[in-house]
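These notes are about the structure you will find just below.
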Amino acid sequence: MANERHQSEASWALVTGASGGIGRALSSELAARGFNVILHARNETGLLKVVDQLQKEHPTRKFRHVVADAAFFTSQDIEKIVAAVADIKLTVLINNVGGTGILSTNFMPFEDYTPKEIHAIFSLNVQFPLQLTHALLPHLRRASPTPSLVLTIGSQSNRGQPYAAPYSATKGALHTWNRAFAAEQVAISSRDPSSPQVDVLEAVVGATYTSQLQKEESFQAGLFMPSPETMAKAILARAGNGHRSVEPYFWHRVQSILLYDLMPANMADAIIANILGATLKPKAD
């Protein structure tokens, strides 16, 4: 688990998108496992409330926060986050921030997107995690001899999900980047076992009952839509086990096998299109 392999005295973890949902749950779970945590989000007021709550829940842990809008970030935002870790031992980076960004609805036909919305979704889900990881990699290597971890939250939509085409594209990009990046780190360690070790893992999650999906009246928490807390525990339980990409929650893996491994693609697409199509809002004039 992450707290056994990637932790030493005074270890810190940085969690992006940590003001709610899976990010907040991961921050709390990391603190419970002995990590100090830096929380990132775009809204400082909401983020400070979460930091205050976590400090009360975990009084022996240290917390920091940093604010940046991942959908419209600048190089100065990345530099600000790097500065926030300059004086600490960062051993874990969790690229959790993501979603549908500035959209007023989670699902809609591709033709209804504006160019600004497409740009924001790619910035939020691809550009920000890649640029942040690139900037923080020297700091993660500094954690040696403790292995560090780059954990990226992926999505089952990386297969291509109707009515979420741009989001699916970003998660597909994140999936292939993670595989390539993980292979590079393994190759570096193989060539030089004494080099600082960076573990790379993608956690592919399915629908989780976060505030984002709670906006859809037809969605309810249940076996195939767990709480963020359940998902966070499942994710961290799979970290540090040598995987490069995992579906950490058992029932999401069952769902994935049924839909994508056993079922013909056109049938799976039709089922998903029918489910998500029922959530579509009428297009504004």
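Numbering starts fresh at 1 for the residues of each chain in the structure tokens, the chains themselves are lettered A, B, ... in the order given, and ligands are numbered from 1 as they appear.
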Please identify every residue of stretch 23-119 of chain A that has at least one atom no farther than 6 Å from an atom of stretch 10-16 of chain A, counting only C-alpha atoms, and for each give the shortest atom pair and the distance in Å to one decimal, arranged by chain then increasing number, as a Markdown table.
```
| residue | atom | partner | partner_atom | distance |
| --- | --- | --- | --- | --- |
| A:Phe35 | CA | A:Trp12 | CA | 5.5 |
| A:Asn36 | CA | A:Trp12 | CA | 4.6 |
| A:Val37 | CA | A:Ala13 | CA | 4.9 |
| A:Ile38 | CA | A:Leu14 | CA | 4.7 |
| A:Leu39 | CA | A:Val15 | CA | 5.3 |
| A:His40 | CA | A:Thr16 | CA | 4.6 |
| A:Lys89 | CA | A:Ser11 | CA | 5.5 |
| A:Leu90 | CA | A:Trp12 | CA | 4.8 |
| A:Thr91 | CA | A:Trp12 | CA | 5.9 |
| A:Val92 | CA | A:Ala13 | CA | 4.5 |
| A:Leu93 | CA | A:Leu14 | CA | 5.0 |
| A:Ile94 | CA | A:Val15 | CA | 4.8 |
| A:Asn95 | CA | A:Thr16 | CA | 5.6 |
| A:Asn96 | CA | A:Thr16 | CA | 5.2 |
| A:Val97 | CA | A:Thr16 | CA | 5.1 |
```
List the neighbours of stretch 138-155 of chain A out to 7 Å using only C-alpha atoms; skip same-chain residues closer than 3 positions along the sequence, and give me the result as a PDB file with C-alpha atoms, in the first residue's frame.
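Output file result_34.pdb is given in full below:
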```pdb
ATOM      1  CA  ARG A   5       6.300   1.861   0.236  1.00  0.00           C
ATOM      2  CA  HIS A   6       6.136   5.601  -0.376  1.00  0.00           C
ATOM      3  CA  GLN A   7       6.314   6.928   3.148  1.00  0.00           C
ATOM      4  CA  SER A   8       9.120   7.933   5.441  1.00  0.00           C
ATOM      5  CA  LYS A  89       9.782  15.909   1.176  1.00  0.00           C
ATOM      6  CA  LEU A  90       7.191  15.198  -1.506  1.00  0.00           C
ATOM      7  CA  THR A  91       6.805  11.454  -2.046  1.00  0.00           C
ATOM      8  CA  VAL A  92       3.317  11.188  -3.579  1.00  0.00           C
ATOM      9  CA  LEU A  93       1.632  13.174  -6.349  1.00  0.00           C
ATOM     10  CA  ILE A  94      -2.003  12.315  -7.052  1.00  0.00           C
ATOM     11  CA  ASN A  95      -3.306  13.739 -10.321  1.00  0.00           C
ATOM     12  CA  ASN A  96      -6.956  13.637  -9.359  1.00  0.00           C
ATOM     13  CA  ASN A 158     -11.111   6.107 -21.887  1.00  0.00           C
ATOM     14  CA  LYS A 171      -8.937  10.112 -20.467  1.00  0.00           C
ATOM     15  CA  LEU A 174      -4.078  10.235 -20.009  1.00  0.00           C
ATOM     16  CA  HIS A 175      -4.151   6.430 -20.178  1.00  0.00           C
ATOM     17  CA  PRO A 196      15.782   7.553  -7.559  1.00  0.00           C
ATOM     18  CA  GLN A 197      12.749   5.340  -8.112  1.00  0.00           C
ATOM     19  CA  VAL A 198       9.425   6.788  -9.260  1.00  0.00           C
ATOM     20  CA  ASP A 199       6.447   4.427  -9.322  1.00  0.00           C
ATOM     21  CA  VAL A 200       3.740   5.335 -11.837  1.00  0.00           C
ATOM     22  CA  LEU A 201       0.163   4.107 -11.522  1.00  0.00           C
ATOM     23  CA  GLU A 202      -3.147   4.871 -13.191  1.00  0.00           C
ATOM     24  CA  ALA A 203      -6.300   4.072 -11.217  1.00  0.00           C
ATOM     25  CA  VAL A 204      -9.122   3.607 -13.730  1.00  0.00           C
ATOM     26  CA  VAL A 205     -12.363   4.454 -11.957  1.00  0.00           C
ATOM     27  CA  GLY A 206     -15.952   4.116 -13.018  1.00  0.00           C
TER      28      GLY A 206
END
```
*asked:* Quick check, in Å to one decimal: how far apart do atom CA of A:Ala173 and atom CA of A:Ile118 lie?
replied: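 Those two atoms sit 14.2 Å apart.
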*Based on DSSP run over this structure's backbone, return all residues of stretch 40-248 of chain A in alpha helix (DSSP H), as an MDAnalysis selection string.*
chainID A and resid 44:57 75:84 115:122 128:141 165:191 211:214 228:237
*asked:* Please report the interatomic distance between atom CA of A:Leu259 and atom CA of A:Gly160 in Å with one decimal.
replied: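 Going from atom CA of A:Leu259 over to atom CA of A:Gly160 covers 12.2 Å.
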_Taking only C-alpha atoms into account, name the residue in A:Ser28, A:Gln185, A:Ser19, A:Thr114 that is nearest to A:Arg42._
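Comparing A:Ser28, A:Gln185, A:Ser19, A:Thr114 against A:Arg42, the winner is A:Ser19.
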*Report the distance between atom CA of A:Ala41 and atom CA of A:Ser27 in Å, rounded to one decimal place.*
12.2 Å
*Closest to A:Thr230 among A:Ala180, A:Glu29, A:Leu54, A:Ala18, using only C-alpha atoms?*
A:Glu29
*Have a look at A:Leu276, A:Leu262, A:Gly101, A:Pro129 and name the one nearest to A:Ala164; count only C-alpha atoms.*
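For A:Ala164, the nearest of the given residues is A:Leu276.
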*Which residues come within 10 Å of A:Leu132, counting only C-alpha atoms, excluding same-chain residues fewer than 3 positions away, as JSON, numbers by chain?*
{"A": [16, 75, 77, 78, 79, 81, 82, 93, 95, 127, 128, 129, 135, 136, 137]}
Kindly save the residues from that selection, with C-alpha atoms included, as a short mmCIF file (atom, residue, chain, number, x, y, z; two decimals), in the first residue's frame.
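Wrote it out as part.cif, contents follow:
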```cif
data_model
loop_
_atom_site.label_atom_id
_atom_site.label_comp_id
_atom_site.auth_asym_id
_atom_site.auth_seq_id
_atom_site.Cartn_x
_atom_site.Cartn_y
_atom_site.Cartn_z
CA THR A 16 -5.09 17.92 -6.98
CA SER A 75 2.81 28.72 -16.21
CA ASP A 77 0.15 28.57 -11.55
CA ILE A 78 2.50 25.63 -12.05
CA GLU A 79 5.39 27.64 -10.60
CA ILE A 81 2.55 24.82 -6.89
CA VAL A 82 6.23 23.94 -7.30
CA LEU A 93 1.63 13.17 -6.35
CA ASN A 95 -3.31 13.74 -10.32
CA GLN A 127 -2.46 19.61 -19.95
CA PHE A 128 -2.59 20.36 -16.23
CA PRO A 129 -1.63 16.88 -14.92
CA ALA A 135 7.47 20.25 -13.09
CA LEU A 136 7.36 18.17 -9.89
CA LEU A 137 9.38 15.18 -11.09
#
```
*Have a look at A:Ile257, A:Leu236, A:Ala187, A:Met267 and name the one nearest to A:Ala25; count only C-alpha atoms.*
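Of all the options, A:Leu236 lies closest to A:Ala25.
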*Return the single residue from A:Leu47, A:Ile102, A:Ile22, A:Val186 that is closest to A:Arg244, with distances computed using only C-alpha atoms.*
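Closest to A:Arg244, using only C-alpha atoms: A:Val186.
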*Please, which residues of stretch 18-87 of chain A, numbered as in this document, come out strand (DSSP E) from DSSP, as a PyMOL selection string?*
chain A and resi 36-41+63-67
Could you write out that same residue set with N, CA and C atoms as a CSV table (one decimal), in the first residue's frame?
```
chain,number,residue,atom,x,y,z
A,36,ASN,N,1.4,13.8,5.6
A,36,ASN,CA,1.0,15.2,5.5
A,36,ASN,C,0.6,15.5,4.1
A,37,VAL,N,-0.4,16.4,4.0
A,37,VAL,CA,-1.0,16.6,2.7
A,37,VAL,C,-1.1,18.0,2.2
A,38,ILE,N,-0.8,18.3,1.0
A,38,ILE,CA,-1.0,19.6,0.3
A,38,ILE,C,-2.3,19.3,-0.6
A,39,LEU,N,-3.3,20.2,-0.4
A,39,LEU,CA,-4.5,20.1,-1.1
A,39,LEU,C,-4.6,21.2,-2.2
A,40,HIS,N,-4.9,20.8,-3.4
A,40,HIS,CA,-5.1,21.8,-4.5
A,40,HIS,C,-6.6,21.8,-4.9
A,41,ALA,N,-7.0,23.0,-5.2
A,41,ALA,CA,-8.4,23.2,-5.8
A,41,ALA,C,-8.4,24.6,-6.5
A,63,PHE,N,-1.2,20.1,7.1
A,63,PHE,CA,-1.9,20.4,5.8
A,63,PHE,C,-1.5,21.7,5.3
A,64,ARG,N,-1.4,21.8,4.0
A,64,ARG,CA,-1.2,23.0,3.2
A,64,ARG,C,-2.2,23.1,2.1
A,65,HIS,N,-2.4,24.2,1.5
A,65,HIS,CA,-3.3,24.3,0.3
A,65,HIS,C,-2.6,25.2,-0.7
A,66,VAL,N,-3.0,25.0,-2.0
A,66,VAL,CA,-2.6,25.8,-3.1
A,66,VAL,C,-3.7,25.9,-4.1
A,67,VAL,N,-3.9,27.1,-4.6
A,67,VAL,CA,-5.1,27.4,-5.5
A,67,VAL,C,-4.6,27.6,-6.9
```
*Tell me which protein, DNA and RNA residues are within 8 Å of A:Gly98, counting only C-alpha atoms, leaving out same-chain ones fewer than 4 positions away, and put them as number ranges by chain.*
A: 17, 124-125
